[in-house]
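Here is target-v1.txt, consisting of compact mmCIF, C-alpha atoms and all ligand atoms:
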# COMPACT_ATOMS: atom_id res chain seq x y z
CA MET A 156 -18.06 -25.33 21.32
CA ARG A 157 -16.66 -21.80 21.44
CA LYS A 158 -16.88 -20.12 18.04
CA ARG A 159 -13.69 -19.06 16.25
CA ILE A 160 -13.22 -15.68 14.55
CA VAL A 161 -10.17 -15.70 12.30
CA ILE A 162 -8.66 -12.51 10.85
CA LEU A 163 -6.21 -12.81 7.96
CA GLY A 164 -3.74 -9.91 7.70
CA ALA A 165 -2.53 -7.43 10.29
CA GLY A 166 -2.66 -4.43 7.99
CA TYR A 167 -4.93 -1.40 8.29
CA GLY A 168 -8.12 -3.41 7.88
CA GLY A 169 -7.22 -6.62 9.72
CA LEU A 170 -5.54 -5.10 12.75
CA ARG A 171 -8.21 -2.46 13.21
CA THR A 172 -10.87 -5.22 13.05
CA LEU A 173 -9.02 -7.12 15.75
CA LYS A 174 -8.71 -4.04 17.92
CA ARG A 175 -12.44 -3.36 17.68
CA LEU A 176 -13.40 -6.98 18.34
CA GLN A 177 -11.12 -7.20 21.37
CA ARG A 178 -13.02 -4.19 22.79
CA MET A 179 -16.40 -5.76 22.01
CA LYS A 180 -15.44 -8.85 24.04
CA PRO A 181 -17.28 -11.40 21.89
CA ASN A 182 -17.87 -14.84 23.35
CA ALA A 183 -15.55 -16.38 20.77
CA ALA A 184 -11.87 -17.14 20.25
CA LEU A 185 -9.99 -14.51 18.21
CA ILE A 186 -7.19 -15.69 15.94
CA LEU A 187 -5.01 -13.30 13.94
CA ILE A 188 -2.77 -14.65 11.17
CA ASP A 189 -0.05 -12.65 9.42
CA LYS A 190 3.26 -13.60 7.85
CA ASN A 191 4.95 -10.85 9.88
CA ASN A 192 4.93 -10.14 13.59
CA TYR A 193 4.73 -6.40 12.93
CA HIS A 194 2.25 -3.95 11.46
CA CYS A 195 3.56 -1.80 8.62
CA GLU A 196 2.25 1.69 7.91
CA LYS A 197 2.22 1.03 4.18
CA THR A 198 1.27 4.60 3.38
CA SER A 199 4.89 5.48 4.27
CA LEU A 200 6.61 2.70 2.31
CA HIS A 201 7.81 5.14 -0.35
CA GLU A 202 10.03 6.84 2.25
CA VAL A 203 11.91 3.61 2.98
CA ALA A 204 12.15 2.92 -0.77
CA ALA A 205 13.74 6.32 -1.34
CA GLY A 206 15.98 5.96 1.71
CA THR A 207 14.59 8.94 3.63
CA ALA A 208 13.21 6.74 6.44
CA ASP A 209 14.23 3.44 8.00
CA ALA A 210 11.92 0.44 8.06
CA ASP A 211 11.56 0.47 11.85
CA GLU A 212 10.22 4.04 11.72
CA ILE A 213 7.12 2.85 9.87
CA CYS A 214 6.52 -0.49 11.62
CA TYR A 215 5.50 -1.54 15.11
CA SER A 216 5.14 -4.86 16.90
CA LEU A 217 1.76 -6.56 16.81
CA GLN A 218 2.17 -7.12 20.55
CA GLN A 219 1.22 -3.46 20.96
CA VAL A 220 -2.29 -4.30 19.77
CA ILE A 221 -2.82 -7.98 20.56
CA ASP A 222 -4.45 -8.75 23.90
CA PRO A 223 -2.95 -12.17 24.70
CA LYS A 224 -5.89 -13.02 26.95
CA ARG A 225 -8.30 -12.74 24.03
CA THR A 226 -6.28 -13.30 20.87
CA GLN A 227 -4.05 -16.02 19.56
CA PHE A 228 -1.51 -14.85 16.99
CA VAL A 229 -0.22 -17.22 14.33
CA GLN A 230 2.76 -15.98 12.36
CA ASP A 231 2.60 -17.72 9.01
CA THR A 232 1.88 -17.24 5.32
CA VAL A 233 -1.70 -17.93 4.28
CA LEU A 234 -1.87 -20.13 1.20
CA ARG A 235 -5.56 -20.62 0.67
CA VAL A 236 -9.03 -20.44 2.21
CA VAL A 237 -11.09 -23.61 1.82
CA LYS A 238 -14.63 -22.27 2.01
CA LYS A 239 -16.35 -25.66 1.97
CA THR A 240 -14.62 -26.95 5.11
CA ARG A 241 -14.05 -23.49 6.64
CA MET A 242 -10.30 -24.01 6.85
CA ILE A 243 -7.27 -21.79 6.30
CA LEU A 244 -4.26 -23.52 4.75
CA LEU A 245 -0.93 -22.19 5.99
CA GLN A 246 2.65 -22.62 4.83
CA ASN A 247 4.16 -23.92 8.08
CA HIS A 248 1.29 -24.71 10.45
CA ASP A 249 -1.60 -27.13 10.46
CA PRO A 250 -4.80 -25.79 8.89
CA VAL A 251 -6.79 -23.38 11.08
CA SER A 252 -10.59 -23.66 11.23
CA TYR A 253 -13.00 -20.74 11.46
CA ASP A 254 -16.64 -19.98 12.06
CA TYR A 255 -16.30 -16.36 10.96
CA LEU A 256 -13.51 -15.09 8.74
CA VAL A 257 -12.30 -11.56 7.97
CA ILE A 258 -9.88 -11.34 5.04
CA GLY A 259 -7.60 -8.29 4.96
CA LEU A 260 -4.55 -9.51 3.05
CA GLY A 261 -3.89 -6.27 1.19
CA PHE A 262 -2.28 -5.71 -2.20
CA VAL A 263 0.42 -6.97 -4.51
CA PRO A 264 1.87 -5.09 -7.51
CA GLU A 265 -0.09 -5.46 -10.74
CA TYR A 266 2.11 -5.55 -13.83
CA TYR A 267 -0.73 -5.99 -16.35
CA GLY A 268 1.33 -8.64 -18.15
CA ILE A 269 3.99 -6.06 -19.17
CA GLU A 270 6.88 -8.08 -20.49
CA GLY A 271 9.82 -8.53 -18.15
CA MET A 272 8.21 -6.82 -15.18
CA ASP A 273 7.68 -9.99 -13.14
CA ARG A 274 11.38 -10.84 -13.56
CA PHE A 275 13.06 -7.44 -13.34
CA GLY A 276 10.48 -5.07 -11.92
CA LEU A 277 10.86 -3.33 -8.57
CA ALA A 278 7.66 -2.26 -6.86
CA ILE A 279 6.64 -0.64 -3.57
CA SER A 280 4.57 -3.25 -1.75
CA ASP A 281 6.07 -4.32 1.57
CA ILE A 282 9.17 -3.90 3.72
CA PRO A 283 11.46 -6.36 1.84
CA SER A 284 10.48 -4.78 -1.50
CA VAL A 285 11.29 -1.22 -0.41
CA ILE A 286 14.59 -2.23 1.20
CA ARG A 287 15.46 -3.85 -2.15
CA ILE A 288 14.67 -0.59 -3.97
CA ARG A 289 16.70 1.55 -1.54
CA ASN A 290 19.70 -0.80 -1.76
CA HIS A 291 19.43 -1.10 -5.53
CA ILE A 292 19.56 2.67 -6.07
CA GLU A 293 22.51 2.99 -3.72
CA GLU A 294 24.36 0.08 -5.40
CA GLN A 295 23.93 1.79 -8.77
CA PHE A 296 25.48 5.01 -7.48
CA LYS A 297 28.33 3.03 -5.90
CA ALA A 298 28.92 1.04 -9.11
CA TRP A 299 29.11 4.31 -11.09
CA THR A 300 32.28 5.19 -9.20
CA GLU A 301 33.89 2.12 -10.82
CA ASP A 302 32.58 2.17 -14.41
CA GLN A 303 31.06 5.65 -14.79
CA ARG A 304 28.11 4.28 -16.81
CA SER A 305 25.66 7.16 -16.86
CA ASP A 306 22.57 4.92 -17.14
CA ARG A 307 23.29 3.73 -13.61
CA LEU A 308 22.34 7.20 -12.42
CA VAL A 309 18.95 7.16 -14.12
CA VAL A 310 16.12 6.37 -11.70
CA ALA A 311 12.86 5.87 -13.58
CA VAL A 312 9.38 5.47 -12.18
CA GLY A 313 6.49 3.96 -14.15
CA GLY A 314 3.10 5.55 -13.46
CA ALA A 315 2.12 9.01 -12.29
CA GLY A 316 -0.38 8.31 -9.56
CA PHE A 317 -0.29 8.74 -5.82
CA THR A 318 2.50 6.27 -4.99
CA SER A 319 4.64 7.50 -7.89
CA PHE A 320 4.46 11.15 -6.80
CA GLU A 321 5.05 10.34 -3.12
CA PHE A 322 8.14 8.30 -4.06
CA LEU A 323 9.43 10.90 -6.54
CA GLY A 324 9.00 13.61 -3.91
CA GLU A 325 11.20 11.69 -1.47
CA LEU A 326 13.74 10.83 -4.18
CA THR A 327 14.31 14.49 -4.96
CA HIS A 328 15.55 14.85 -1.37
CA ARG A 329 17.51 11.61 -1.27
CA ILE A 330 19.41 11.90 -4.59
CA PRO A 331 21.48 14.97 -3.57
CA GLU A 332 22.66 12.99 -0.51
CA LEU A 333 23.74 10.10 -2.74
CA ILE A 334 25.50 12.48 -5.15
CA THR A 335 27.55 13.83 -2.25
CA ARG A 336 28.20 10.45 -0.65
CA TYR A 337 29.46 8.77 -3.85
CA GLN A 338 30.87 11.92 -5.46
CA VAL A 339 29.03 11.20 -8.69
CA ASP A 340 28.73 13.66 -11.57
CA ALA A 341 25.44 15.41 -10.77
CA LYS A 342 24.93 16.27 -14.46
CA GLN A 343 24.55 12.56 -15.27
CA VAL A 344 21.83 11.99 -12.68
CA ARG A 345 18.25 11.82 -13.98
CA ILE A 346 14.96 11.17 -12.25
CA VAL A 347 12.34 10.25 -14.83
CA CYS A 348 8.63 9.61 -14.55
CA ILE A 349 6.99 7.75 -17.43
CA GLU A 350 3.27 8.41 -17.47
CA PRO A 351 0.63 7.30 -19.94
CA THR A 352 -1.19 10.67 -20.11
CA PRO A 353 -0.10 14.25 -19.43
CA LYS A 354 -2.54 14.53 -16.49
CA ALA A 355 -0.94 13.00 -13.42
CA LEU A 356 -2.60 12.27 -10.05
CA PRO A 357 -5.98 11.17 -11.45
CA MET A 358 -7.69 11.50 -8.05
CA PHE A 359 -7.22 15.28 -8.03
CA ASN A 360 -8.60 18.07 -10.18
CA ARG A 361 -6.41 19.57 -12.90
CA ARG A 362 -5.19 22.48 -10.76
CA LEU A 363 -4.01 20.30 -7.89
CA ALA A 364 -2.50 17.69 -10.22
CA ALA A 365 -0.64 20.43 -12.11
CA TYR A 366 0.75 21.75 -8.82
CA GLY A 367 2.14 18.30 -8.02
CA SER A 368 3.76 17.91 -11.45
CA ARG A 369 5.19 21.43 -11.38
CA LYS A 370 6.76 20.99 -7.96
CA LEU A 371 8.45 17.74 -9.00
CA ARG A 372 9.58 19.24 -12.31
CA ASP A 373 11.09 22.20 -10.43
CA ARG A 374 13.09 19.70 -8.39
CA GLY A 375 14.49 18.05 -11.52
CA VAL A 376 12.03 15.28 -12.38
CA ASP A 377 11.64 14.70 -16.16
CA PHE A 378 8.23 13.59 -17.36
CA LEU A 379 7.98 11.34 -20.42
CA ILE A 380 4.61 10.54 -21.94
CA GLY A 381 4.16 6.93 -22.95
CA ARG A 382 2.72 3.60 -21.88
CA VAL A 383 5.33 1.25 -20.46
CA CYS A 384 5.28 -1.95 -22.53
CA GLY A 385 8.42 -3.80 -21.49
CA PHE A 386 11.51 -3.87 -19.30
CA ASP A 387 14.53 -6.11 -19.82
CA GLY A 388 16.39 -5.16 -16.66
CA ALA A 389 18.40 -2.45 -18.46
CA LYS A 390 16.01 -0.70 -20.84
CA ILE A 391 12.43 0.38 -20.33
CA TYR A 392 10.25 0.27 -23.45
CA TYR A 393 7.32 2.65 -23.70
CA ARG A 394 4.81 3.29 -26.41
CA THR A 395 4.11 6.82 -27.56
CA GLU A 396 1.46 7.73 -30.16
CA GLU A 397 3.83 6.91 -33.03
CA HIS A 398 6.67 4.76 -31.76
CA VAL A 399 7.97 2.37 -29.17
CA ARG A 400 10.83 4.21 -27.49
CA SER A 401 13.32 3.02 -24.94
CA LEU A 402 15.13 4.48 -21.98
CA LYS A 403 18.22 3.03 -20.34
CA ALA A 404 17.89 3.16 -16.57
CA GLY A 405 19.83 1.68 -13.69
CA THR A 406 16.67 1.59 -11.61
CA PHE A 407 13.06 1.18 -12.68
CA VAL A 408 10.32 1.26 -10.06
CA TRP A 409 6.80 0.33 -11.11
CA THR A 410 3.96 2.17 -9.40
CA GLY A 411 1.37 1.69 -12.14
CA GLY A 412 -1.13 -0.48 -10.30
CA VAL A 413 -1.99 -2.96 -7.59
CA SER A 414 -4.28 -5.94 -7.24
CA GLY A 415 -5.62 -7.76 -4.21
CA SER A 416 -3.69 -10.64 -2.62
CA ALA A 417 -3.27 -13.76 -4.78
CA VAL A 418 -4.78 -15.78 -1.91
CA VAL A 419 -8.19 -14.42 -2.95
CA ARG A 420 -7.82 -15.80 -6.49
CA ASP A 421 -6.21 -19.05 -5.31
CA SER A 422 -9.15 -19.64 -2.95
CA GLY A 423 -11.65 -19.56 -5.80
CA PHE A 424 -13.48 -16.36 -4.87
CA GLU A 425 -15.14 -14.58 -7.77
CA GLU A 426 -12.68 -11.73 -8.21
CA ARG A 427 -11.25 -9.21 -10.60
CA ARG A 428 -7.59 -8.38 -10.08
CA GLY A 429 -7.71 -9.97 -6.63
CA ARG A 430 -10.70 -7.89 -5.52
CA VAL A 431 -14.02 -9.42 -4.57
CA ARG A 432 -17.19 -7.41 -5.07
CA VAL A 433 -18.60 -7.75 -1.59
CA MET A 434 -22.21 -7.47 -0.44
CA ASP A 435 -23.47 -4.35 1.33
CA ASP A 436 -22.40 -5.74 4.71
CA LEU A 437 -18.92 -6.67 3.35
CA SER A 438 -19.69 -10.39 3.22
CA VAL A 439 -19.02 -12.59 0.23
CA PRO A 440 -22.00 -13.67 -1.91
CA ASP A 441 -23.26 -17.06 -0.61
CA HIS A 442 -20.82 -16.91 2.32
CA PRO A 443 -22.21 -14.62 5.01
CA GLU A 444 -19.54 -15.97 7.40
CA ILE A 445 -16.71 -14.51 5.27
CA LEU A 446 -16.10 -10.75 5.18
CA ILE A 447 -13.50 -9.17 2.90
CA ILE A 448 -12.07 -5.73 3.59
CA GLY A 449 -9.33 -3.41 2.35
CA ASP A 450 -7.53 -3.88 -0.94
CA CYS A 451 -8.94 -7.40 -1.48
CA SER A 452 -12.48 -6.02 -1.58
CA ALA A 453 -14.37 -3.92 -4.09
CA VAL A 454 -17.16 -1.66 -2.85
CA ILE A 455 -19.05 0.21 -5.53
CA ASP A 456 -19.21 3.99 -5.26
CA PRO A 457 -22.91 4.79 -5.94
CA GLY A 458 -21.81 8.12 -7.46
CA SER A 459 -19.53 6.75 -10.18
CA GLY A 460 -20.72 3.15 -10.41
CA GLN A 461 -17.03 2.15 -10.13
CA PRO A 462 -15.29 0.50 -7.17
CA TYR A 463 -13.81 2.97 -4.69
CA PRO A 464 -10.02 3.22 -5.03
CA THR A 465 -8.04 1.00 -2.67
CA THR A 466 -6.89 3.10 0.29
CA ALA A 467 -6.00 2.74 3.94
CA GLN A 468 -8.85 5.15 4.62
CA ILE A 469 -11.52 2.79 3.30
CA ALA A 470 -9.82 -0.27 4.87
CA LEU A 471 -10.01 1.37 8.32
CA GLN A 472 -13.68 2.28 7.91
CA GLN A 473 -14.53 -1.18 6.61
CA ALA A 474 -12.78 -2.69 9.63
CA ASP A 475 -15.18 -0.94 12.01
CA CYS A 476 -18.15 -2.25 10.04
CA ALA A 477 -16.67 -5.78 9.75
CA ALA A 478 -16.08 -5.99 13.51
CA TYR A 479 -19.64 -4.83 14.17
CA ASN A 480 -21.06 -7.33 11.68
CA VAL A 481 -19.10 -10.32 12.99
CA LYS A 482 -20.27 -9.54 16.53
CA ALA A 483 -23.84 -9.08 15.23
CA MET A 484 -23.78 -12.50 13.54
CA LEU A 485 -22.44 -14.09 16.74
CA ASP A 486 -25.27 -12.48 18.70
CA ASP A 487 -27.90 -13.40 16.09
CA ARG A 488 -28.55 -9.77 15.29
CA PRO A 489 -28.85 -8.29 11.77
CA THR A 490 -25.68 -6.99 10.11
CA LYS A 491 -25.42 -3.39 8.90
CA PRO A 492 -24.41 -2.08 5.48
CA PHE A 493 -21.03 -0.43 4.98
CA VAL A 494 -21.19 3.25 4.04
CA PHE A 495 -17.94 4.91 3.02
CA LYS A 496 -17.37 8.46 4.20
CA PHE A 497 -14.67 10.07 2.06
CA LYS A 498 -12.62 12.34 4.28
CA GLY A 499 -10.20 13.56 1.65
CA THR A 500 -6.78 12.56 0.52
CA VAL A 501 -3.34 14.17 0.65
CA CYS A 502 -0.36 13.18 -1.48
CA SER A 503 3.04 13.96 -0.04
CA LEU A 504 5.58 15.56 -2.38
CA GLY A 505 8.45 15.16 0.05
CA ARG A 506 9.61 17.21 3.02
CA ASP A 507 7.14 19.98 3.89
CA ASP A 508 5.28 19.79 0.59
CA ALA A 509 2.10 18.01 -0.38
CA VAL A 510 -1.07 18.42 -2.36
CA GLY A 511 -4.54 17.19 -1.58
CA GLU A 512 -8.19 17.67 -0.95
CA VAL A 513 -9.72 17.59 2.51
CA MET A 514 -13.45 18.15 3.17
CA GLY A 515 -13.85 19.34 -0.40
CA LYS A 516 -11.10 21.96 -0.12
CA GLY A 517 -7.88 21.90 -2.13
CA LEU A 518 -4.65 22.14 -0.12
CA LYS A 519 -1.10 22.76 -1.33
CA GLY A 520 2.37 23.18 0.10
CA ARG A 521 3.02 23.33 3.83
CA PRO A 522 -0.64 23.30 4.99
CA ALA A 523 -1.17 20.13 2.96
CA SER A 524 1.97 18.61 4.42
CA VAL A 525 0.81 19.38 7.97
CA MET A 526 -2.57 17.81 7.15
CA LYS A 527 -0.79 14.72 5.83
CA LYS A 528 0.98 14.31 9.18
CA VAL A 529 -2.32 14.73 11.04
CA ILE A 530 -3.87 11.97 8.89
CA GLU A 531 -0.90 9.65 9.47
CA ASN A 532 -0.97 10.23 13.22
CA ARG A 533 -4.71 9.62 13.32
CA SER A 534 -4.22 6.29 11.59
CA LEU A 535 -1.56 5.34 14.17
CA VAL A 536 -3.98 6.16 17.01
CA LYS A 537 -6.81 4.18 15.38
CA ILE A 538 -4.81 0.97 15.44
CA GLY A 539 -1.74 1.24 17.64
CA GLY A 540 -3.20 3.67 20.18
CA VAL A 541 -1.87 6.93 21.59
CA GLU A 542 1.37 5.39 22.87
CA THR A 543 2.27 4.09 19.40
CA MET A 544 1.39 7.44 17.86
CA LEU A 545 3.68 9.23 20.34
CA LYS A 546 6.52 6.83 19.46
CA LYS A 547 6.05 6.58 15.70
CA GLY A 548 4.06 9.70 14.86
CA ARG A 549 5.03 12.59 12.57
CA PHE A 550 5.52 15.85 14.43
CA SER A 551 8.08 17.92 12.53
P1 LIG B 601 -2.39 -3.98 4.16
O1 LIG B 601 -2.29 -2.77 5.01
O2 LIG B 601 -1.63 -4.02 2.89
O3 LIG B 601 -2.06 -5.24 5.04
C1 LIG B 601 -2.07 -6.55 4.54
C2 LIG B 601 -1.49 -7.47 5.62
O4 LIG B 601 -1.61 -8.81 5.17
C3 LIG B 601 -0.01 -7.22 5.89
O5 LIG B 601 0.21 -7.15 7.27
C4 LIG B 601 0.68 -8.43 5.27
O6 LIG B 601 1.85 -8.82 5.99
C5 LIG B 601 -0.39 -9.50 5.39
N1 LIG B 601 -0.31 -10.53 4.35
C6 LIG B 601 -0.39 -10.35 3.01
N2 LIG B 601 -0.36 -11.54 2.38
C7 LIG B 601 -0.26 -12.48 3.35
C8 LIG B 601 -0.24 -13.90 3.33
N3 LIG B 601 -0.32 -14.60 2.20
N4 LIG B 601 -0.14 -14.55 4.52
C9 LIG B 601 -0.08 -13.87 5.69
N5 LIG B 601 -0.13 -12.53 5.76
C10 LIG B 601 -0.22 -11.84 4.60
N6 LIG B 601 -3.91 4.92 1.32
C11 LIG B 601 -4.48 6.00 1.91
O7 LIG B 601 -5.63 5.93 2.35
N7 LIG B 601 -3.80 7.19 2.03
C12 LIG B 601 -2.52 7.33 1.61
O8 LIG B 601 -1.93 8.40 1.74
C13 LIG B 601 -1.89 6.22 1.01
N8 LIG B 601 -0.60 6.29 0.61
C14 LIG B 601 0.02 5.19 0.12
C15 LIG B 601 1.38 5.29 -0.19
C16 LIG B 601 2.04 4.19 -0.68
C17 LIG B 601 3.50 4.29 -1.01
C18 LIG B 601 1.35 2.95 -0.87
C19 LIG B 601 2.08 1.74 -1.38
C20 LIG B 601 0.01 2.85 -0.55
C21 LIG B 601 -0.67 3.96 -0.05
N9 LIG B 601 -2.02 3.89 0.30
C22 LIG B 601 -2.64 4.99 0.87
C23 LIG B 601 -2.80 2.65 0.09
C24 LIG B 601 -2.83 1.81 1.37
O9 LIG B 601 -1.54 1.58 1.85
C25 LIG B 601 -3.52 0.48 1.13
O10 LIG B 601 -4.76 0.72 0.52
C26 LIG B 601 -3.70 -0.25 2.46
O11 LIG B 601 -2.44 -0.67 2.93
C27 LIG B 601 -4.63 -1.46 2.33
O12 LIG B 601 -4.88 -1.94 3.63
P2 LIG B 601 -5.27 -3.47 3.86
O13 LIG B 601 -5.75 -3.56 5.24
O14 LIG B 601 -6.12 -3.97 2.76
O15 LIG B 601 -3.91 -4.29 3.73

Output the file's structure as structure tokens, nothing else.
Amino acid sequence: MRKRIVILGAGYGGLRTLKRLQRMKPNAALILIDKNNYHCEKTSLHEVAAGTADADEICYSLQQVIDPKRTQFVQDTVLRVVKKTRMILLQNHDPVSYDYLVIGLGFVPEYYGIEGMDRFGLAISDIPSVIRIRNHIEEQFKAWTEDQRSDRLVVAVGGAGFTSFEFLGELTHRIPELITRYQVDAKQVRIVCIEPTPKALPMFNRRLAAYGSRKLRDRGVDFLIGRVCGFDGAKIYYRTEEHVRSLKAGTFVWTGGVSGSAVVRDSGFEERRGRVRVMDDLSVPDHPEILIIGDCSAVIDPGSGQPYPTTAQIALQQADCAAYNVKAMLDDRPTKPFVFKFKGTVCSLGRDDAVGEVMGKGLKGRPASVMKKVIENRSLVKIGGVETMLKKGRFS
């Protein structure tokens, strides 16, 4: 019988794996499963959350990548992988069997058990979540015109990493628009970042991180030092060295961490925060037929001994290796180890401003922003192709 290669998730890792496998023309059926019928450029989610981009600007139909002659697409939510019987359990369809499986189900917000966050927290994770954030901020500004409660105009962000700074950068452009639209008292508006340590952007050196903080501060962002320890929907509680303090905020967006998809834990893989420490060739210990890539996987950086951070960059590179290895297994050839090549990283600070490191060189301001667009366009080409890049790419 014809073998079945199943790919879970049409994100950076999953969709790129599919694209590569379609090109390799394996003698096997390809099945892609995702809950959505579109691919989302998650690295731009913060723009939709802030309201500076619309959802359709950062998404494109899976039909642009799927070759219907080679691939069957199942739109459904994956509940669990049953390793013993090699089955995928889905919410609305019959179970799907596999011979080879690539899991690329991405991330969910990690609240570290902080009280109230699972009930009241807003986080940047997918299209529905960022539309909720955008609408919530706007509703707060609108409601201010009726009750003039100043806390409605406080937008707070928990965490001072990459996602936090990218979102704050966009917010500093969006808030003036909202002030004008709803005629609110600009003096009552506050954008606040609550960070556990004074050094933001841990992936960058002090000089680059300080540039990012300074640019946001210049645009009106207040930085509070403290560890968020609770949120009751109206007040954020954060612990400083001496006290637990609180801040009233109409909006609180958590950017403090992510974990891999809950499907990984629910399927009984050995994991930590939804990430499986994969073998050199990206397979799961004792299950060479299952490969895990992207944010659900942990690959150890030989330099630091720690897992590499979860990024689209590593997911894309893992996808190329996963596709190669699945084809190799089908052809009875040896698999190859995954080797990550760090190409640099650039954090947007909003329109025409960014900070980052590319090929070992620090970049700031407009050159960094141009580089960010180049990286985004390259990612669009890698999965969606040139046509998608021309339609959805960043050029100005
Ligand atoms: P994803 O791209 O998250 O895709 C997962 C797919 O699985 C989705 O299509 C989803 O619909 C599907 N799915 C999930 N659960 C289920 C289920 N149960 N059933 C069916 N389908 C499901 N990384 C960088 O390298 N550079 C950056 O500049 C950068 N900026 C970022 C900015 C922001 C605001 C954020 C939030 C992240 C950023 N990242 C960046 C990180 C990057 O987005 C992630 O590391 C990347 O998306 C992970 O890719 P993935 O393939 O693992 O999964």

note = Counting only C-alpha atoms, the residue among A:Asp508, A:Glu265, A:Glu270, A:Glu325 that lies closest to Phe386 (chain A) is A:Glu270

Residues near region 370-376 of chain A, cut-off 10 Å, only C-alpha atoms, skip fewer than 3 positions along chain, as number ranges by chain = A: 310-311, 320, 323-324, 326-328, 344-348, 365-367, 379, 504-505, 508-510, 520

inquiry  = Could you list the protein, DNA and RNA residues that have any atom within 6 Å of ligand LIG 601 (chain B), counting only C-alpha atoms and all ligand atoms, and write them as an NGL selection string?
reply    = :A and (164-169 or 189-191 or 194 or 197-201 or 231-234 or 259-262 or 279-280 or 318 or 449-450 or 465-468 or 470 or 502)

task = Could you please give me, as a PyMOL selection string, the residues of protein, DNA or RNA lying at most 12 Å from (-22.9, -18.6, 2.6) in the coordinate frame of the file, considering only C-alpha atoms?
result = chain A and resi 238-239+241+254-256+434+438-446

key: Nearest residue to Pro283 (chain A) from the set A:Ala204, A:Lys354, A:Phe228, A:Pro250 (distances using only C-alpha atoms)   =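 Closest candidate: A:Ala204.
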
task = Enumerate, as a ChimeraX atom specification, the protein, DNA and RNA residues whose atoms approach (-26.1, -5.7, 6.2) to within 10 Å, taking into account only C-alpha atoms and the coordinate frame of the file.
result = /A:434-438,443,476,480,483,489-493

Counting only C-alpha atoms, what are the residues of region 497-537 of chain A within 12 Å of region 546-550 of chain A, and for each of them which pair of atoms is the nearest and at what distance in Å, to one decimal? Sort the table by chain and rising number, as a Markdown table.
| residue | atom | partner | partner_atom | distance |
| --- | --- | --- | --- | --- |
| A:Arg506 | CA | A:Arg549 | CA | 11.6 |
| A:Asp507 | CA | A:Phe550 | CA | 11.4 |
| A:Ser524 | CA | A:Arg549 | CA | 10.6 |
| A:Val525 | CA | A:Phe550 | CA | 8.7 |
| A:Met526 | CA | A:Arg549 | CA | 10.7 |
| A:Lys527 | CA | A:Arg549 | CA | 9.2 |
| A:Lys528 | CA | A:Arg549 | CA | 5.6 |
| A:Val529 | CA | A:Arg549 | CA | 7.8 |
| A:Ile530 | CA | A:Arg549 | CA | 9.7 |
| A:Glu531 | CA | A:Arg549 | CA | 7.3 |
| A:Asn532 | CA | A:Gly548 | CA | 5.3 |
| A:Arg533 | CA | A:Gly548 | CA | 8.9 |
| A:Ser534 | CA | A:Gly548 | CA | 9.5 |
| A:Leu535 | CA | A:Gly548 | CA | 7.1 |
| A:Val536 | CA | A:Gly548 | CA | 9.0 |

Output C-alpha atoms for every residue in that selection, as a PDB file, keeping the file's coordinate frame.
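The resulting file, out_7.pdb, is shown below:
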ATOM      1  CA  ARG A 506       9.610  17.210   3.020  1.00  0.00           C
ATOM      2  CA  ASP A 507       7.140  19.980   3.890  1.00  0.00           C
ATOM      3  CA  SER A 524       1.970  18.610   4.420  1.00  0.00           C
ATOM      4  CA  VAL A 525       0.810  19.380   7.970  1.00  0.00           C
ATOM      5  CA  MET A 526      -2.570  17.810   7.150  1.00  0.00           C
ATOM      6  CA  LYS A 527      -0.790  14.720   5.830  1.00  0.00           C
ATOM      7  CA  LYS A 528       0.980  14.310   9.180  1.00  0.00           C
ATOM      8  CA  VAL A 529      -2.320  14.730  11.040  1.00  0.00           C
ATOM      9  CA  ILE A 530      -3.870  11.970   8.890  1.00  0.00           C
ATOM     10  CA  GLU A 531      -0.900   9.650   9.470  1.00  0.00           C
ATOM     11  CA  ASN A 532      -0.970  10.230  13.220  1.00  0.00           C
ATOM     12  CA  ARG A 533      -4.710   9.620  13.320  1.00  0.00           C
ATOM     13  CA  SER A 534      -4.220   6.290  11.590  1.00  0.00           C
ATOM     14  CA  LEU A 535      -1.560   5.340  14.170  1.00  0.00           C
ATOM     15  CA  VAL A 536      -3.980   6.160  17.010  1.00  0.00           C
TER      16      VAL A 536
END

message = Would you compute the distance between CA of Ser416 (chain A) and CA of Ala389 (chain A)? Give it in Å to one decimal.
response = 28.4 Å

task = Do a neighbour search on Trp299 (chain A) at 12 Å with only C-alpha atoms, toss out local chain neighbours closer than 4 positions, and write the hits as a list in words.
result = Ile292, Glu293, Glu294, Gln295, Gln303, Arg304, Ser305, Asp306, Arg307, Leu308, Val309, Leu333, Ile334, Tyr337, Gln338, Val339, Asp340, Ala341, Gln343, Val344 and Gly405 of chain A

key: Coordinates-based distance that separates CA of Gly206 (chain A) from CA of Ala523 (chain A) (Å, one decimal)   = 22.3 Å

request  = Could you tell me how far CA of Glu332 (chain A) lies from CA of Arg289 (chain A), in Å and to one decimal?
outcome  =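 The value is 12.9 Å.
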
Within 12 Å of Asp211 (chain A) using all atoms listed in the file, minus same-chain residues under 2 positions, as a short mmCIF file (atom, residue, chain, number, x, y, z; two decimals) with C-alpha atoms, keeping the file's coordinate frame:
data_model
loop_
_atom_site.label_atom_id
_atom_site.label_comp_id
_atom_site.auth_asym_id
_atom_site.auth_seq_id
_atom_site.Cartn_x
_atom_site.Cartn_y
_atom_site.Cartn_z
CA TYR A 193 4.73 -6.40 12.93
CA HIS A 194 2.25 -3.95 11.46
CA CYS A 195 3.56 -1.80 8.62
CA GLU A 196 2.25 1.69 7.91
CA SER A 199 4.89 5.48 4.27
CA LEU A 200 6.61 2.70 2.31
CA GLU A 202 10.03 6.84 2.25
CA VAL A 203 11.91 3.61 2.98
CA ALA A 208 13.21 6.74 6.44
CA ASP A 209 14.23 3.44 8.00
CA ILE A 213 7.12 2.85 9.87
CA CYS A 214 6.52 -0.49 11.62
CA TYR A 215 5.50 -1.54 15.11
CA SER A 216 5.14 -4.86 16.90
CA ILE A 282 9.17 -3.90 3.72
CA ILE A 286 14.59 -2.23 1.20
CA LYS A 546 6.52 6.83 19.46
CA LYS A 547 6.05 6.58 15.70
#
